[in-house]
Amino acid sequence: MGSNIQNCSAVELPSGLWLHCYFTICARDPSCLGRLECSQFYFISELSMCRFPFVFLRQKERKKSFSHFWRPSKCVTTLVQQTLVFSDEKERFDPTQFQDCIIQGLTETGTDLEAVAKFLDASGAKLDYRRYAETLFDILVAGGMLAPGGTLADDMTRTDVCVFAAQEDLETMQAFAQVFNKLIRRYKYLEKGFEDEVKKLLLFLKGFSESERNKLAMLTGILLANGTLNASILNSLYNENLVKEGVSAAFAVKLFKSWINEKDINAVAVSLRKVNMDNRLMELFPANKQSVEHFSKYFTEAGLKELSEYVRNQQTIGARKELQKELQEQMSRGDPFKDIILYVKEEMKKNNISEQTVIAIIWSSVMSTVEWNKKEELVAEQAIKHLKQYSPLLAAFTTQGQSELTLLLKIQEYCYDNIHFMKAFQKIVVLFYKAEVLSEEPILKWYKDAHLAKGKSVFLEQMKKFVEWLKNAEEESESEAEEGD
C-alpha cells in the first residue's frame with residue numbers, strides 16, 4: 001500500500017477541476033468510489049503528458065476518523081509517484097522562469113560587474129545552474145536566450161548587463177572575464193557547460209554583428225590565456241561556412257591579439273600544441289588560400305607578426321619531418337643519389353628550408369639506415385664503409401661553411417650519444433675531408449672554439465694531430481703561394 005495522501009503538499013483545487021480529479025482516481029481504483037468528499041481536498045499536480053492523467057489530493061480537515069481516510073491501492077500509488085516525478089521534471093526543464101530571475105537580478109545590479117559577480121555567486125544556491133547552464137551563459141553573453149543561429153527573439157526578455165551590450169574595449173572584456181572566472185571557480189560543474197556554450201557561440205558568429213563578434217573574440221582570448229577555456233574550443237572556427245566567408249580569420253585576429261596581450265606567443269604555442277592544433281591554423285582560410293605566404297601576409301598586416309612567424313616555423317618543422325621520412329624511404333629502396341638530391345632541393349625551395357637544416361636531416365637519415373655493430377673495435381670500420389658510400393649525397397649539401405660546421409657538430413653529438421662511436425670520431429672527419437664533404441676552415445674553427453661540450457676533451461685529443469697536419473699544410477700552401485708571386 002502507498003503512503004497516506006494526507007502527507008503530500010497541495011495547492012487549492014481550482015473550481016471545475018475537482019470532478020475531473022474525482023473520476024480520474026475512481027477510474028483507476030473503483031474502491032475509492034463514494035469515499036471522497038471533493039470539497040475537502042486540494043489540487044496538487046496534473047500531468048497532461050502522462051499515459052493516465054492523474055491528480056493527487058489531500059484532506060483539508062480531519063472531519064472523519066482515520067479509518068475514513070482514503071488509502072490508495074498499489075496501482076494508484078504507482079500512478080501518483082510517476083505523476084509527481086514527471087511533473088517535477090517538466091517544471092525543472094522550463095528555462096523561462098530561470099531566465100526571468102537572472103535578468104531581474106542583473107537589472108537590479110546594474111553595470112557594476114563586482115555586484116554582478118556577487119549576485120551570480122549567491123543565486124547559485126537558489127537557482128539550478130547545473131540544468132540551466134546554457135541559458136545562464138546565453139544571458140551573460142548576449143542578454144537573453146539565443147535562438148538557433150544566434151538571434152534573440154523580439155518578444156524575449158533581455159538585459160543590457162551582458163558582453164554584447166558592453167563597450168568594445170579590452171579593459172571591459174577583462175572585467176567580464178573576471179565575472180566568468182569567479183562564477184566557474186565557485187561552481188566547478190559549470191566548466192563543461194561553459195566550454196560547450198563558447199563552441200556554440202563560435203558556430204553562431206554569422207548571426208552576430210561585427211561589434212559583437214569583436215567583443216566575443218577579445219573575451220575568448222582572455223579566457224584562453226587565463227586557462228578558463230581550453231584551446232580545443234577553436235575547432236568551431238573551422239566550420240566550412242565561417243571559413244568560406246572569412247569570418248573565422250577575422251575573428252581569429254581579435255582573439256589572438258587579446259590572447260597574446262595577456263600571455264605571449266610561447267604560451268599560446270604550448271596551449272595549441274596540447275590539443276594538436278599547432279599545425280592547423282592555416283585551415284582558418286579556404287583551401288585555395290592555405291599557404292604560409294597568405295597566412296603570413298594576412299596576420300602580419302593585422303599586427304600579429306609573431307603569430308605569422310610561429311606558423312611559418314611550424315610549417316617548416318612539419319616539412320622537415322616529412323622530408324626525413326621520405327629520405328629514409330628513398331635510401332631503404334636504394335634510389336639513385338641524383339634522384340634523392342633533386343627531391344631534397346625541391347623541398348628546400350618549396351618549404352624554405354636552409355642547407356644547414358637539410359645536412360642535419362641527411363646525417364640523421366644516413367645513420368638510421370643501418371644496424372650498427374655493438375663491438376667498439378668493429379663499429380668504426382663499419383661506419384667508414386657505410387659513410388663512404390653516402391659521401392656524395394652529404395657533399396651535395398655542404399656547399400657553405402656553416403653547413404660543414406653543422407655536420408661536424410652533428411657527428412660530435414652522435415659519437416658522444418652512442419658510446420661505441422667514441423673512438424670513431426676522428427676517422428669519420430678524416431674520411432669526409434678526403435671525400436670533400438668537409439674542408440680545412442670549418443674543421444679548424446670547430447677545433448678552436450665551435451665545438452660542443454659533449455665529449456670535448458676526448459674528441460679534441462683525437463683531432464690534435466690531424467689539426468696540426470692541416471695547419472702545416474695550410475702554411476706550406478701559403479708559403480708556396482708567396483714564392484710563386
# chains A, B, ... in the order shown; residues from 1 in each chain; ligands from 1
call {"tool": "residues_around", "arguments": {"residues": "Met282 in chain A", "least_positions_apart": "6", "cutoff": "9 Å", "atoms": "only C-alpha atoms", "output": "VMD selection string"}}
result
chain A and resid 289 to 292 294 to 295 311
call {"tool": "write_last_selection", "arguments": {"atoms": "N, CA, C and O atoms", "output": "short mmCIF file (atom, residue, chain, number, x, y, z; two decimals), in the first residue's frame"}}
result
data_model
loop_
_atom_site.label_atom_id
_atom_site.label_comp_id
_atom_site.auth_asym_id
_atom_site.auth_seq_id
_atom_site.Cartn_x
_atom_site.Cartn_y
_atom_site.Cartn_z
N LYS A 289 43.61 29.18 -50.28
CA LYS A 289 44.43 30.22 -49.66
C LYS A 289 45.26 29.67 -48.49
O LYS A 289 45.83 30.44 -47.72
N GLN A 290 45.29 28.35 -48.38
CA GLN A 290 46.02 27.74 -47.27
C GLN A 290 47.50 27.58 -47.60
O GLN A 290 48.00 26.51 -47.91
N SER A 291 48.20 28.70 -47.53
CA SER A 291 49.64 28.71 -47.75
C SER A 291 50.31 29.57 -46.68
O SER A 291 49.67 30.45 -46.10
N VAL A 292 51.57 29.29 -46.43
CA VAL A 292 52.30 30.06 -45.43
C VAL A 292 52.37 31.52 -45.84
O VAL A 292 52.25 32.43 -45.01
N HIS A 294 50.22 33.34 -47.66
CA HIS A 294 48.96 34.05 -47.46
C HIS A 294 48.70 34.28 -45.98
O HIS A 294 48.31 35.38 -45.57
N PHE A 295 48.93 33.24 -45.17
CA PHE A 295 48.72 33.37 -43.73
C PHE A 295 49.61 34.46 -43.15
O PHE A 295 49.16 35.31 -42.38
N VAL A 311 53.67 30.28 -37.21
CA VAL A 311 53.09 29.35 -38.19
C VAL A 311 54.12 28.97 -39.25
O VAL A 311 54.18 27.81 -39.67
#
call {"tool": "residues_around", "arguments": {"residues": "Glu212 in chain A", "least_positions_apart": "4", "cutoff": "7 Å", "atoms": "only C-alpha atoms", "output": "JSON, numbers by chain"}}
result
{"A": [164, 208, 216]}
call {"tool": "atom_distance", "arguments": {"atom1": "CA of Leu146 in chain A", "atom2": "CA of Gln99 in chain A"}}
result
11.5 Å
call {"tool": "residues_around", "arguments": {"residues": "Gly105 in chain A", "least_positions_apart": "4", "cutoff": "8 Å", "atoms": "only C-alpha atoms", "output": "number ranges by chain"}}
result
A: 101, 109, 119
call {"tool": "closest_residue", "arguments": {"among": "A:Val429, A:Val141, A:Leu307, A:Val370", "to": "Phe194 in chain A", "atoms": "only C-alpha atoms"}}
result
A:Val141
call {"tool": "residues_around", "arguments": {"residues": "range 333-348 of chain A", "least_positions_apart": "2", "cutoff": "9 Å", "atoms": "only C-alpha atoms", "output": "compact mmCIF listing (two decimals) with all heavy atoms, in the first residue's frame"}}
result
# COMPACT_ATOMS: atom_id res chain seq x y z
N ALA A 319 57.47 20.18 -42.46
CA ALA A 319 58.14 19.84 -43.71
C ALA A 319 59.42 19.04 -43.45
O ALA A 319 59.77 18.13 -44.20
CB ALA A 319 58.47 21.12 -44.48
N LEU A 323 60.26 15.45 -44.85
CA LEU A 323 61.47 15.27 -45.64
C LEU A 323 62.29 14.10 -45.11
O LEU A 323 62.77 13.25 -45.89
CB LEU A 323 62.31 16.56 -45.60
CG LEU A 323 63.69 16.50 -46.25
CD1 LEU A 323 63.58 16.14 -47.72
CD2 LEU A 323 64.42 17.84 -46.06
N LEU A 327 63.17 10.71 -47.10
CA LEU A 327 64.57 10.38 -47.32
C LEU A 327 64.89 8.95 -46.90
O LEU A 327 65.56 8.20 -47.62
CB LEU A 327 65.46 11.35 -46.54
CG LEU A 327 66.04 12.55 -47.28
CD1 LEU A 327 66.80 13.43 -46.31
CD2 LEU A 327 66.92 12.12 -48.42
N GLN A 328 64.43 8.58 -45.74
CA GLN A 328 64.68 7.24 -45.22
C GLN A 328 64.07 6.18 -46.12
O GLN A 328 64.66 5.12 -46.35
CB GLN A 328 64.15 7.12 -43.79
CG GLN A 328 64.96 7.94 -42.79
CD GLN A 328 64.32 7.97 -41.42
OE1 GLN A 328 63.16 7.64 -41.24
NE2 GLN A 328 65.08 8.42 -40.42
N GLU A 329 62.88 6.48 -46.65
CA GLU A 329 62.24 5.53 -47.56
C GLU A 329 63.02 5.41 -48.87
O GLU A 329 63.20 4.31 -49.41
CB GLU A 329 60.80 5.98 -47.84
CG GLU A 329 59.87 5.83 -46.64
CD GLU A 329 58.46 6.30 -46.95
OE1 GLU A 329 58.21 6.73 -48.09
OE2 GLU A 329 57.61 6.22 -46.04
N GLN A 330 63.51 6.54 -49.38
CA GLN A 330 64.29 6.52 -50.63
C GLN A 330 65.60 5.76 -50.43
O GLN A 330 66.02 4.99 -51.31
CB GLN A 330 64.57 7.94 -51.10
CG GLN A 330 63.33 8.66 -51.61
CD GLN A 330 63.63 10.09 -52.05
OE1 GLN A 330 64.71 10.61 -51.83
NE2 GLN A 330 62.65 10.72 -52.68
N MET A 331 66.25 5.96 -49.30
CA MET A 331 67.50 5.26 -49.01
C MET A 331 67.28 3.76 -48.86
O MET A 331 68.08 2.95 -49.34
CB MET A 331 68.14 5.83 -47.75
CG MET A 331 68.69 7.23 -47.90
SD MET A 331 69.34 7.87 -46.33
CE MET A 331 69.72 9.56 -46.80
N LYS A 350 60.70 24.71 -51.88
CA LYS A 350 59.26 24.76 -51.63
C LYS A 350 58.94 25.21 -50.21
O LYS A 350 58.02 26.01 -49.98
CB LYS A 350 58.66 23.38 -51.89
CG LYS A 350 57.17 23.26 -51.58
CD LYS A 350 56.71 21.83 -51.83
CE LYS A 350 55.27 21.62 -51.39
NZ LYS A 350 54.83 20.20 -51.57
N ASN A 351 59.69 24.70 -49.23
CA ASN A 351 59.38 24.97 -47.82
C ASN A 351 60.37 25.91 -47.15
O ASN A 351 60.35 26.06 -45.93
CB ASN A 351 59.33 23.65 -47.04
CG ASN A 351 58.20 22.75 -47.52
OD1 ASN A 351 57.03 23.08 -47.37
ND2 ASN A 351 58.55 21.61 -48.11
N ASN A 352 61.24 26.51 -47.96
CA ASN A 352 62.21 27.48 -47.44
C ASN A 352 63.06 26.89 -46.32
O ASN A 352 63.19 27.47 -45.23
CB ASN A 352 61.46 28.73 -46.94
CG ASN A 352 62.40 29.91 -46.72
OD1 ASN A 352 63.42 30.04 -47.39
ND2 ASN A 352 62.04 30.76 -45.76
N ILE A 353 63.61 25.70 -46.57
CA ILE A 353 64.45 25.01 -45.58
C ILE A 353 65.91 25.30 -45.91
O ILE A 353 66.34 25.17 -47.05
CB ILE A 353 64.19 23.48 -45.60
CG1 ILE A 353 62.71 23.19 -45.39
CG2 ILE A 353 65.02 22.78 -44.54
CD1 ILE A 353 62.35 21.72 -45.52
N SER A 354 66.68 25.67 -44.90
CA SER A 354 68.08 26.03 -45.12
C SER A 354 68.94 24.80 -45.34
O SER A 354 68.57 23.68 -44.97
CB SER A 354 68.61 26.81 -43.90
OG SER A 354 68.66 25.95 -42.77
N GLU A 355 70.12 25.01 -45.92
CA GLU A 355 71.05 23.91 -46.16
C GLU A 355 71.56 23.34 -44.84
O GLU A 355 71.79 22.13 -44.72
CB GLU A 355 72.24 24.39 -47.01
CG GLU A 355 73.14 23.25 -47.45
CD GLU A 355 74.28 23.70 -48.34
OE1 GLU A 355 75.30 24.19 -47.78
OE2 GLU A 355 74.15 23.58 -49.58
N VAL A 358 69.01 20.92 -43.67
CA VAL A 358 68.97 19.73 -44.52
C VAL A 358 70.14 18.79 -44.22
O VAL A 358 69.96 17.57 -44.16
CB VAL A 358 68.98 20.14 -46.01
CG1 VAL A 358 69.29 18.94 -46.91
CG2 VAL A 358 67.63 20.73 -46.39
N TYR A 390 77.83 7.06 -48.74
CA TYR A 390 76.90 8.20 -48.78
C TYR A 390 77.59 9.56 -48.87
O TYR A 390 76.93 10.60 -48.81
CB TYR A 390 75.99 8.17 -47.55
CG TYR A 390 74.88 7.15 -47.65
CD1 TYR A 390 75.02 5.88 -47.12
CD2 TYR A 390 73.69 7.47 -48.31
CE1 TYR A 390 74.00 4.93 -47.23
CE2 TYR A 390 72.66 6.54 -48.42
CZ TYR A 390 72.82 5.27 -47.88
OH TYR A 390 71.81 4.35 -48.00
N PRO A 392 78.86 11.23 -51.42
CA PRO A 392 78.38 12.12 -52.49
C PRO A 392 77.07 12.84 -52.12
O PRO A 392 76.88 14.01 -52.49
CB PRO A 392 78.16 11.16 -53.67
CG PRO A 392 79.08 10.01 -53.40
CD PRO A 392 79.06 9.85 -51.92
N LEU A 393 76.20 12.14 -51.41
CA LEU A 393 74.94 12.76 -51.00
C LEU A 393 75.19 13.86 -49.98
O LEU A 393 74.62 14.96 -50.08
CB LEU A 393 74.00 11.69 -50.40
CG LEU A 393 72.66 12.17 -49.85
CD1 LEU A 393 71.83 12.83 -50.95
CD2 LEU A 393 71.88 11.02 -49.23
N ALA A 396 76.74 17.08 -51.46
CA ALA A 396 75.83 17.94 -52.24
C ALA A 396 75.19 19.02 -51.38
O ALA A 396 74.68 20.03 -51.91
CB ALA A 396 74.76 17.07 -52.89
N PHE A 397 75.23 18.84 -50.07
CA PHE A 397 74.57 19.80 -49.18
C PHE A 397 75.51 20.38 -48.13
O PHE A 397 75.09 20.78 -47.05
CB PHE A 397 73.35 19.13 -48.53
CG PHE A 397 72.33 18.69 -49.52
CD1 PHE A 397 72.29 17.37 -49.97
CD2 PHE A 397 71.43 19.60 -50.07
CE1 PHE A 397 71.37 16.96 -50.91
CE2 PHE A 397 70.50 19.20 -51.02
CZ PHE A 397 70.47 17.87 -51.45
call {"tool": "residues_around", "arguments": {"residues": "Val179 in chain A", "least_positions_apart": "3", "cutoff": "7 Å", "atoms": "only C-alpha atoms", "output": "PDB file with all heavy atoms, in the first residue's frame"}}
result
ATOM      1  N   LEU A 113      30.068  45.372 -12.284  1.00  0.00           N
ATOM      2  CA  LEU A 113      30.366  43.959 -12.501  1.00  0.00           C
ATOM      3  C   LEU A 113      30.770  43.239 -11.220  1.00  0.00           C
ATOM      4  O   LEU A 113      30.633  42.017 -11.129  1.00  0.00           O
ATOM      5  CB  LEU A 113      31.458  43.811 -13.564  1.00  0.00           C
ATOM      6  CG  LEU A 113      31.052  44.268 -14.977  1.00  0.00           C
ATOM      7  CD1 LEU A 113      32.170  43.989 -15.972  1.00  0.00           C
ATOM      8  CD2 LEU A 113      29.767  43.592 -15.437  1.00  0.00           C
ATOM      9  N   ALA A 117      28.921  39.829 -10.120  1.00  0.00           N
ATOM     10  CA  ALA A 117      29.603  38.598  -9.691  1.00  0.00           C
ATOM     11  C   ALA A 117      29.036  38.104  -8.363  1.00  0.00           C
ATOM     12  O   ALA A 117      28.826  36.897  -8.171  1.00  0.00           O
ATOM     13  CB  ALA A 117      31.105  38.843  -9.576  1.00  0.00           C
ATOM     14  N   ALA A 175      37.216  42.788 -17.496  1.00  0.00           N
ATOM     15  CA  ALA A 175      36.323  42.825 -16.334  1.00  0.00           C
ATOM     16  C   ALA A 175      35.253  41.739 -16.436  1.00  0.00           C
ATOM     17  O   ALA A 175      34.931  41.073 -15.441  1.00  0.00           O
ATOM     18  CB  ALA A 175      35.672  44.203 -16.225  1.00  0.00           C
ATOM     19  N   PHE A 176      34.708  41.545 -17.620  1.00  0.00           N
ATOM     20  CA  PHE A 176      33.720  40.479 -17.812  1.00  0.00           C
ATOM     21  C   PHE A 176      34.362  39.101 -17.637  1.00  0.00           C
ATOM     22  O   PHE A 176      33.733  38.171 -17.120  1.00  0.00           O
ATOM     23  CB  PHE A 176      33.069  40.584 -19.199  1.00  0.00           C
ATOM     24  CG  PHE A 176      31.784  41.358 -19.202  1.00  0.00           C
ATOM     25  CD1 PHE A 176      31.746  42.678 -19.603  1.00  0.00           C
ATOM     26  CD2 PHE A 176      30.600  40.769 -18.780  1.00  0.00           C
ATOM     27  CE1 PHE A 176      30.564  43.404 -19.599  1.00  0.00           C
ATOM     28  CE2 PHE A 176      29.410  41.474 -18.766  1.00  0.00           C
ATOM     29  CZ  PHE A 176      29.392  42.800 -19.179  1.00  0.00           C
ATOM     30  N   LYS A 182      35.140  34.004 -11.691  1.00  0.00           N
ATOM     31  CA  LYS A 182      34.618  33.852 -10.336  1.00  0.00           C
ATOM     32  C   LYS A 182      33.452  32.875 -10.292  1.00  0.00           C
ATOM     33  O   LYS A 182      33.342  32.044  -9.385  1.00  0.00           O
ATOM     34  CB  LYS A 182      34.182  35.214  -9.785  1.00  0.00           C
ATOM     35  CG  LYS A 182      35.340  36.163  -9.515  1.00  0.00           C
ATOM     36  CD  LYS A 182      34.833  37.533  -9.063  1.00  0.00           C
ATOM     37  CE  LYS A 182      36.000  38.486  -8.823  1.00  0.00           C
ATOM     38  NZ  LYS A 182      35.534  39.845  -8.440  1.00  0.00           N
ATOM     39  N   LEU A 183      32.583  32.993 -11.282  1.00  0.00           N
ATOM     40  CA  LEU A 183      31.413  32.115 -11.335  1.00  0.00           C
ATOM     41  C   LEU A 183      31.822  30.654 -11.478  1.00  0.00           C
ATOM     42  O   LEU A 183      31.305  29.774 -10.770  1.00  0.00           O
ATOM     43  CB  LEU A 183      30.514  32.532 -12.508  1.00  0.00           C
ATOM     44  CG  LEU A 183      29.266  31.680 -12.757  1.00  0.00           C
ATOM     45  CD1 LEU A 183      28.327  31.734 -11.559  1.00  0.00           C
ATOM     46  CD2 LEU A 183      28.546  32.147 -14.019  1.00  0.00           C
TER      47      LEU A 183
END
call {"tool": "atom_distance", "arguments": {"atom1": "CA of Val253 in chain A", "atom2": "CA of Glu191 in chain A"}}
result
25.1 Å
call {"tool": "atom_distance", "arguments": {"atom1": "CA of Ile359 in chain A", "atom2": "CA of Leu281 in chain A"}}
result
28.6 Å
call {"tool": "select_by_dssp", "arguments": {"residues": "range 290-467 of chain A", "states": "alpha helix (DSSP H)", "output": "PyMOL selection string"}}
result
chain A and resi 292-301+305-333+337-351+355-367+376-395+401-417+425-434+440-445+456-467
